[in-house]
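**Q** Pasting a structure here, questions to come.
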Amino acid sequence: MRWQGGRRGGNIEDRRGMGGGAIAGGGIGALVLAAIGYFVFGIDPSTTTQLASQFGGVGASEQGKEGSPTDQAGAFVDVIGSNIDDVWKTRLQGYQPPTVTLYEQGTSTGCGFGQAAMGPFYCPTDRKVYLDLSFWQQLETQLGASSADFARAYVIAHEYGHHVQTLTGASQQVQDAQQRASGQAEANRYSVALELQADCYAGVWAANAAAVSNGEVALDAGDLEAGMQTASAIGDDTLQRRQGGRVQPDGFTHGSSAQRVEWLRRGYESGDPAACDTFGSLQG
């Protein structure tokens, strides 16, 4: 994936090196897998504060260094986030970028205390994307995700998708629908639709990345496949199997591996947010 020549917007808050908090659990055990199964690629806005607080108390307000990081990992997040912003500015009237907060181990958020075990997440309360960059290694070595740059960019773009859903009101509509749901299984179906739409939005970004950057940010051959490998690795059915249990579709919150791959592909092939109607099957 080409990205080094991309625009750096500097909309980064860097809290790395500020200490953080204790990590819940150890290694990649059942607790961490369960956290990843729920949190990876986005927190359900209806239960963000409750679930985040289970991993630690709400911390004091923190303020990191704002601007463009100088290290390569931070620069990558800056360039990819700026490019995603540029795409959405052409696709959503009145789009306002989120802030990306880089942290280590744990940090305070508007949604409770965030920890690396949660995976990357978006907090709708403070409209920030939270990333502990050490999570890439866990995702790749423990869960079989791709180490390609685009696979990591897909993670970031998915979180931005949740920001878009906050701006459009989709997240609030899902929360309202879940409160009216007849049971947990129905509520989970709305969560799955929200997550799959964020996957689709990530594909929309990828399809338009080169056009808004004069080719400075663009996919190379094999990049889409690397993204789909990661999407498959964190499907609910795959994570349930990794925890040693049987697959329980009623317990899905993010969608199966096949669904996540399909919606990422659909967004990429269309390049149009209008193609991301994951809620259609829930109507009626």
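Chain labels A, B, ... are given in the sequence in which chains occur in the structure tokens; within each chain residues are numbered consecutively from 1, and ligands are likewise numbered from 1 in the order shown.
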Would you mind writing down, as an MDAnalysis selection string, each residue of region 62-106 of chain A that DSSP on the backbone assigns to helix (DSSP H, G or I)?
**A** chainID A and resid 72:91
**Q** Mind checking which residues fall within 8 Å of Val155 (chain A), counting only C-alpha atoms, ignoring those fewer than 3 positions away in the same chain, and posting them as number ranges by chain?
**A** A: 41, 120, 151-152, 158-159
**Q** Take the residues that were just selected and, keeping N, CA and C atoms, output them as a PDB file, in the first residue's frame.
**A**
ATOM      1  N   PHE A  41     -12.810  -3.408  16.448  1.00  0.00           N
ATOM      2  CA  PHE A  41     -13.406  -2.648  15.345  1.00  0.00           C
ATOM      3  C   PHE A  41     -14.666  -1.906  15.752  1.00  0.00           C
ATOM      4  N   PRO A 120      -8.931  -1.660  19.029  1.00  0.00           N
ATOM      5  CA  PRO A 120      -9.249  -0.293  18.595  1.00  0.00           C
ATOM      6  C   PRO A 120     -10.735  -0.021  18.783  1.00  0.00           C
ATOM      7  N   ALA A 151      -4.281  -3.821   5.728  1.00  0.00           N
ATOM      8  CA  ALA A 151      -5.070  -4.513   6.750  1.00  0.00           C
ATOM      9  C   ALA A 151      -5.176  -3.655   7.998  1.00  0.00           C
ATOM     10  N   ARG A 152      -4.100  -2.973   8.355  1.00  0.00           N
ATOM     11  CA  ARG A 152      -4.120  -2.086   9.507  1.00  0.00           C
ATOM     12  C   ARG A 152      -4.958  -0.834   9.202  1.00  0.00           C
ATOM     13  N   HIS A 158     -12.537   1.360   9.645  1.00  0.00           N
ATOM     14  CA  HIS A 158     -13.747   0.838  10.282  1.00  0.00           C
ATOM     15  C   HIS A 158     -14.158   1.732  11.447  1.00  0.00           C
ATOM     16  N   GLU A 159     -13.174   2.154  12.248  1.00  0.00           N
ATOM     17  CA  GLU A 159     -13.492   3.023  13.386  1.00  0.00           C
ATOM     18  C   GLU A 159     -14.033   4.365  12.912  1.00  0.00           C
TER      19      GLU A 159
END
**Q** Counting only C-alpha atoms, what is within 12 Å of Asp86 (chain A), bar same-chain residues fewer than 3 positions away, as a PyMOL selection string?
**A** chain A and resi 6-9+79-83+89-93+95-97+160+205-206+208-214+217
**Q** To one decimal place, how far is CA of Glu216 (chain A) from CA of Ala75 (chain A) in Å?
**A**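 Going from CA of Glu216 (chain A) over to CA of Ala75 (chain A), I get 14.1 Å.
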**Q** Go through region 43-194 of chain A and collect every residue that DSSP, computed from the backbone, puts in strand (DSSP E); the answer should be as a list of chain:residue names.
**A** A:Lys65, A:Glu66, A:Gly67, A:Thr99, A:Val100, A:Thr101, A:Leu102, A:Gly106, A:Thr107, A:Ser108, A:Thr109, A:Gly112, A:Phe113, A:Gly114, A:Gln115, A:Phe121, A:Tyr122, A:Cys123, A:Lys128, A:Val129, A:Tyr130, A:Leu131
**Q** Grab the CA of Thr141 (chain A) to CA of Asp237 (chain A) distance for me, in Å with one decimal place.
**A**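 It comes out at 18.7 Å.
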**Q** Sort by chain and increasing residue number a table of all residues of region 70-168 of chain A within 12 Å of region 238-248 of chain A, each with its closest pair of atoms and their distance in Å to one decimal, counting only C-alpha atoms, and write it as JSON lines.
**A**
{"residue": "A:Leu139", "atom": "CA", "partner": "A:Leu239", "partner_atom": "CA", "distance": 11.7}
{"residue": "A:Gln142", "atom": "CA", "partner": "A:Arg242", "partner_atom": "CA", "distance": 10.1}
{"residue": "A:Leu143", "atom": "CA", "partner": "A:Leu239", "partner_atom": "CA", "distance": 8.4}
{"residue": "A:Gly144", "atom": "CA", "partner": "A:Thr238", "partner_atom": "CA", "distance": 10.6}
{"residue": "A:Ala145", "atom": "CA", "partner": "A:Thr238", "partner_atom": "CA", "distance": 11.8}
**Q** Pick from A:Gln72, A:Ala193, A:Ser171, A:Ile12: nearest to Tyr130 (chain A), with only C-alpha atoms counted?
**A** A:Ile12
**Q** Give me the residues within 10 Å of Val192 (chain A) as a list of chain:residue names, counting only C-alpha atoms and dropping any in the same chain fewer than 3 places off.
**A**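 Surrounding residues, per the criterion: A:Asp44, A:Ala187, A:Asn188, A:Arg189, A:Glu195, A:Leu196, A:Gln197, A:Ala198, A:Asp236, A:Gly251, A:Phe252, A:Thr253, A:His254, A:Gly255, A:Ser256, A:Gln259, A:Arg260, A:Thr278, A:Phe279.
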**Q** Determine the nearest neighbour of Ala170 (chain A) from the options A:Asp132, A:Asp272, A:Asp277, A:Asp71, counting only C-alpha atoms.
**A**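 Counting only C-alpha atoms, the residue closest to Ala170 (chain A) is A:Asp277.
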**Q** Restricting the calculation to only C-alpha atoms, which member of A:Ser281, A:Gln172, A:Thr101, A:Gln137 is positioned closest to Gly74 (chain A)?
**A** A:Thr101
**Q** Which residues are close to Met1 (chain A), i.e. within 7 Å by only C-alpha atoms, leaving aside same-chain residues fewer than 5 positions away? Reply as a list in words.
**A**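 Residues near the query, excluding close chain neighbours: Asp149, Phe150, Ala218, Leu219, Asp220 and Asp223 of chain A.
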**Q** Can you write out the residues you just picked, keeping N, CA and C atoms, as a compact mmCIF listing (two decimals), in the first residue's frame?
**A**
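Written output follows (part19.txt):
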# COMPACT_ATOMS: atom_id res chain seq x y z
N ASP A 149 0.04 -3.25 5.41
CA ASP A 149 -0.38 -1.91 5.80
C ASP A 149 -1.87 -1.69 5.58
N PHE A 150 -2.41 -2.20 4.48
CA PHE A 150 -3.82 -1.96 4.22
C PHE A 150 -4.70 -2.66 5.25
N ALA A 218 -2.88 4.80 -1.86
CA ALA A 218 -3.55 3.92 -2.81
C ALA A 218 -3.21 2.47 -2.51
N LEU A 219 -4.12 1.60 -2.91
CA LEU A 219 -3.92 0.17 -2.72
C LEU A 219 -3.04 -0.39 -3.83
N ASP A 220 -2.24 -1.37 -3.48
CA ASP A 220 -1.46 -2.13 -4.44
C ASP A 220 -2.10 -3.51 -4.61
N ASP A 223 -3.64 -5.99 -1.76
CA ASP A 223 -4.02 -5.29 -0.53
C ASP A 223 -5.45 -5.61 -0.10
**Q** Tell me which protein, DNA and RNA residues are within 8 Å of Ser147 (chain A), counting only C-alpha atoms, leaving out same-chain ones fewer than 6 positions away, and put them as a PyMOL selection string.
**A** chain A and resi 136+140+226
**Q** Looking at only C-alpha atoms, which of A:Arg265, A:Arg15, A:Arg127, A:Lys65 is the one that sits closest to Gln165 (chain A)?
**A**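 Using only C-alpha atoms, the shortest distance to Gln165 (chain A) belongs to A:Arg127.
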